[in-house]
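J.: Let me give you the structure first, and then I'll get to my questions.
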Protein chains: 2
Amino acid sequence: MFQSFDSTTSPDTGAARLKSLRDALLKDGLDGYLIPRADAHQGEYVTPRDMRLAWLTGFTGSAGFCAALKDKAGIFIDGRYTLQVRDQVDLDCYTPISWPDTSLIDWLTEALPKGGKIGFDPWLHTRAELEKLGKTNIELVATDNLIDPIWYDQPAPPLGKMVPHLLDYTGQPHTEKIKTAAKELTKAKHSAFVLTQPDSIAWLLNTRGTDLGQTPVALAFAILYGSGHVSLFMDSRKSDAALIAHLGPKVSLHDADGFETTLASLSGTVRLDKTCAPEAIVRLLETQDIDIAFDADPTTLPKACKNQTELAGTKQAHIRDGAAMCEFLAWVDGINPETGITEIDIVKMLESKRTASGKLKNIAFDTICGSGPHGAIVHYRVTDRTNRNIQFNEVLLVDSGAQYLDGTTDITRTMAIGAPPPKAVHHATLVLKGMVAISRLRFPEGLTGKDIDAIARTPLWAEGLDYDHGTGHGVGSYLSVHEGPQRISRLATTVLKSGMILSNEPGYYKEGAYGIRIENLIFIKPAAPIAGSDDRNMLCFETLTLAPISKTMIDKSLLTADEVNWLNVYHQRVWDSLHGLVSEQTKDWLEVACSPL
Amino acid sequence: MFQSFDSTTSPDTGAARLKSLRDALLKDGLDGYLIPRADAHQGEYVTPRDMRLAWLTGFTGSAGFCAALKDKAGIFIDGRYTLQVRDQVDLDCYTPISWPDTSLIDWLTEALPKGGKIGFDPWLHTRAELEKLGKTNIELVATDNLIDPIWYDQPAPPLGKMVPHLLDYTGQPHTEKIKTAAKELTKAKHSAFVLTQPDSIAWLLNTRGTDLGQTPVALAFAILYGSGHVSLFMDSRKSDAALIAHLGPKVSLHDADGFETTLASLSGTVRLDKTCAPEAIVRLLETQDIDIAFDADPTTLPKACKNQTELAGTKQAHIRDGAAMCEFLAWVDGINPETGITEIDIVKMLESKRTASGKLKNIAFDTICGSGPHGAIVHYRVTDRTNRNIQFNEVLLVDSGAQYLDGTTDITRTMAIGAPPPKAVHHATLVLKGMVAISRLRFPEGLTGKDIDAIARTPLWAEGLDYDHGTGHGVGSYLSVHEGPQRISRLATTVLKSGMILSNEPGYYKEGAYGIRIENLIFIKPAAPIAGSDDRNMLCFETLTLAPISKTMIDKSLLTADEVNWLNVYHQRVWDSLHGLVSEQTKDWLEVACSPL
């Protein structure tokens, strides 16, 4: 079982740990210290060793930070975690601060009107982040990490092996990728780029790992040189002969200890991505008077645009995942709440259906299984403490994903247990209209996700409703389930390009009642020319996800003929793709689930 | 008659004038000279005196510039003017350059590989424009204007009076506007802001003028001080006792000659808008070591958000204009091409219908009257040379606007003469669907025009079609018909706010065949709450323009019930608002035109 339901932290330990930290502050002559959720790689997930924020405060959300002063401690969290933070931290010690409404610097200058020294670990913060703080009488002082010495049982760093990811899955030798990325550096007159994001390294070197569990990467740093050489830095215990053979002569493997020395010896103009490179690296280069160019990670865009092999792989992964989803959805359809089924039972059943394929490497993230009012908590994760029995006549939202060697999946379906509230069916139909509009969209080249985000929302807007998250995020190829830079959102700035995989997941959340979200993964491809039309290059989406969308949650009278037709064609495709891969019992269910609306 | 149909320039004069300019170049030791379309106020329209680009080259388009070197001259124009420029300039002297595909600096460095000195008039270029040129071995040298001395019959600057614009139309005393704008300066710690845009001055001081004809402003400069005082600089012949009485004690009037001396004597931090302030002003302040802050014109946003008086006025203007449009459209519907009606006849008839109200101050821009293939030329303006007889069974596009004391109008209707080509009806219906989608849109606060532009295009995109202009531009209140910063476009960055007036004008252009555009003006207002819905603040549009949309150009089978309903409700409103204001004959026509689809 990949998912755990334990409450890993408790508010009870927060006071004592904060006291230990304050002792350290005093010793170092500091007025405060910053404890971020991030690690040195600035990814969405961190290892247990890097969960310093959770260890100190009890707060386990995926974003946020704590500013601990001598007499107060603010825990900065965004709107998603307003409720969770109150549940997880000792409110006598930690004051939740609504962020980014209140900025760190505003809070600090109010708390320390005469100024002060705030310590931070430069490996855990980026230049972009520090620049946002601006200039005030608050002095930010780079220090050693103050949590690690007081965390007596801090877990060791993971030592999972970095393993080759086969050409059958990647479609392009890493030697070619390195050559192309090095050429980009040379063209920009940069001598080297420092890779700090593990998924960039994994993509560039065609390797994977297990350090982050649900994201199949090995934590490491690397330097790509304009010469076409790569130096990889990580604990030597994470490599073996097979890896060294795979990496070949263009990639040299070094122990992690050599990273800083190598950085200090760089010459020419070194490129850094200021949104993810640790401030420690920036300062190290600055100290050595090495010229720095802040620019984008050269692997980001090619990683985002999947090649034909990667797309073929992800299609296979989605067929396999779709079959498991059908077994699961058929089982959900037969749930009798009288037998006492809980959210955890549902999560376990879904994972067992995926495991049955024999190909599941891990789940892509902790399954979100929100029954009734829990569905309205967008980032709900069930634990033993929050677990809840499924009730008659309520709505169930299940958002889950899988990691297979050939691709990453991410799917949300919203189902009724018994007879759903009519309002929920109405809202689910509006959500479906937006989701279908994105699925059917044909659009000119050159647009960003910002240009099309509204398309998914207009049916909800028309009734005064909306959802407070993006419409879609990028997805990797047996890599991060949230992968940039592409997304469909008001904040998107990256031009949409052929080969990019995105989620398409509008939703609606009625606090205290139910949550609705329908999510398919889609990828971008050139739209076939239309006979007799103008000669304009356009793009369109092809849907990857294969699983029925619950018809019980649809009010057909709200759909146009085109929308009904899209759904029927989609369900026919689901049936054609999956009916030969499921059990006889599920096949009967699938036939009904995929019959025309 | 406000509109003229003369071809004001000829390609024949280009060679001799270029030779005169080159003589001046030699004398000044320059390798080239820049001749922009712009004047010192960087607006869309310029006075005859400032039409240096047209005088030199013959090109009369509303955007572009010429770079004249010793042995070649490039005329830089965007895609709208590719055809027009070939018609208007002597191609033996001037080489059309597709801009911005080819940048000025790339063209210059190729033409002058060893570098060179290029002269420019710093009153006609902005810092933002010059910064785009970057650093090369081309030296840009600020000089006196080199065209004015060789333009022997250059018209004199206009001397129309600046007149008060009454509170009945503006709704807010200029003293209040000045106070608010000055407060914004003080808050930003700026001592003054230099106003260089005549519509900013007109709005701030509640004045209007006639210097630009179709845009009712007086050309002037002004300085707004943080103290709440304004210094206005213009030829003293443009003022009179009534103006001075209106301006009151907070606004001091100075002769234009005093402007530079006053600039040189400024202290503190002076705000300039780098997108419109002449480079000459920036350099003058720099020479005096005066601290400059580049920031937005503080009048732009309050000018864009119309108050209740301005909205009430514009509604009246649209009723008046709608009645004139109905008289005109009824007449168009009766055109018999056998009688030899031309595009110019149509433009004249439209202007006469507007004049008949007795309230027309001017047309808002030269009417675009494109019959058949001329309709596909987005910025077509009929002259004696291009004039064309209306034919049976073709499409006619008429885009026009009016300036009334209480508001500015801008409307496009596309009509069939006889039986339109079925493809044109199909395309016009797709355009209508996009236009209705914007009209019906309800959207959350905080969006920009970029977020909603796609809504108008999806019906066209679905068939592989699009249009190469924005969906909407801002419109002033008896001011500029193209007023920033709000717009509905992929390039829009301004947040949409209540009170902003916009055009809603999707189109489709079939080169060599026909053009289609349907344009209404709309304004933004808070959307009424929906009972039982969530408590979200949303905005919506209210349509200002009142005139029937041709039903002959609609294929009803392509419309949804909601779209048909929108059109029928709109036509009912047109009928209710206008049937009492038109002639008996037009009333009969209007009844049919407004009957349900």
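Chains: A, B, ... in order of the structure tokens. Residues: from 1 per chain. Ligands: from 1, in order shown.
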Skipping near chain neighbours, those fewer than 4 positions away, what residues fall within 8 Å of A:Thr309 using only C-alpha atoms, listed as a count of residues only?

T.: 5

J.: Could you produce a table of the residues of stretch 361-460 of chain A lying within 12 Å of stretch 206-209 of chain A, with the nearest pair of atoms per residue and their separation in Å rounded to one decimal, using only C-alpha atoms, ordered by chain and increasing residue number, as a tab-separated table?

T.:
residue	atom	partner	partner_atom	distance
A:Lys361	CA	A:Gly209	CA	10.8
A:Asn362	CA	A:Gly209	CA	11.6
A:Gln403	CA	A:Arg208	CA	11.7
A:Tyr404	CA	A:Arg208	CA	11.8
A:Leu405	CA	A:Arg208	CA	9.6

J.: Kindly provide the residues of chain B that approach chain A to within 7 Å, each paired with its closest atom pair and their distance in Å to one decimal, based on only C-alpha atoms, listed by chain and increasing number, as a Markdown table.

T.:
| residue | atom | partner | partner_atom | distance |
| --- | --- | --- | --- | --- |
| B:Leu441 | CA | A:Ala462 | CA | 6.9 |
| B:Arg442 | CA | A:Ala462 | CA | 5.5 |
| B:Phe443 | CA | A:Trp461 | CA | 5.7 |
| B:Lys450 | CA | A:Asp451 | CA | 6.1 |
| B:Asp451 | CA | A:Asp451 | CA | 5.4 |
| B:Ile452 | CA | A:Ala454 | CA | 6.3 |
| B:Ala454 | CA | A:Asp451 | CA | 6.3 |
| B:Ile455 | CA | A:Ile455 | CA | 6.6 |
| B:Trp461 | CA | A:Phe443 | CA | 5.7 |
| B:Ala462 | CA | A:Arg442 | CA | 5.4 |
| B:Glu463 | CA | A:Ile530 | CA | 6.9 |
| B:Gly464 | CA | A:Ser533 | CA | 6.1 |
| B:Leu465 | CA | A:Asp534 | CA | 6.1 |
| B:Ile530 | CA | A:Gly464 | CA | 6.5 |
| B:Ser533 | CA | A:Gly464 | CA | 6.1 |
| B:Asp534 | CA | A:Leu465 | CA | 6.1 |
| B:Arg536 | CA | A:Gly464 | CA | 6.7 |

J.: Pick out the closest residue to A:Thr414 from this set: A:Pro11, A:Gly372, A:Gly334, A:Gly258. Count only C-alpha atoms.

T.: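 Under the stated criterion, the closest residue is A:Gly372.
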
J.: For A:Ala38, which residue among A:Pro122, A:Gly134, A:Gly116, A:Gly79 is the nearest when counting only C-alpha atoms?

T.: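 The closest residue to A:Ala38 is A:Pro122.
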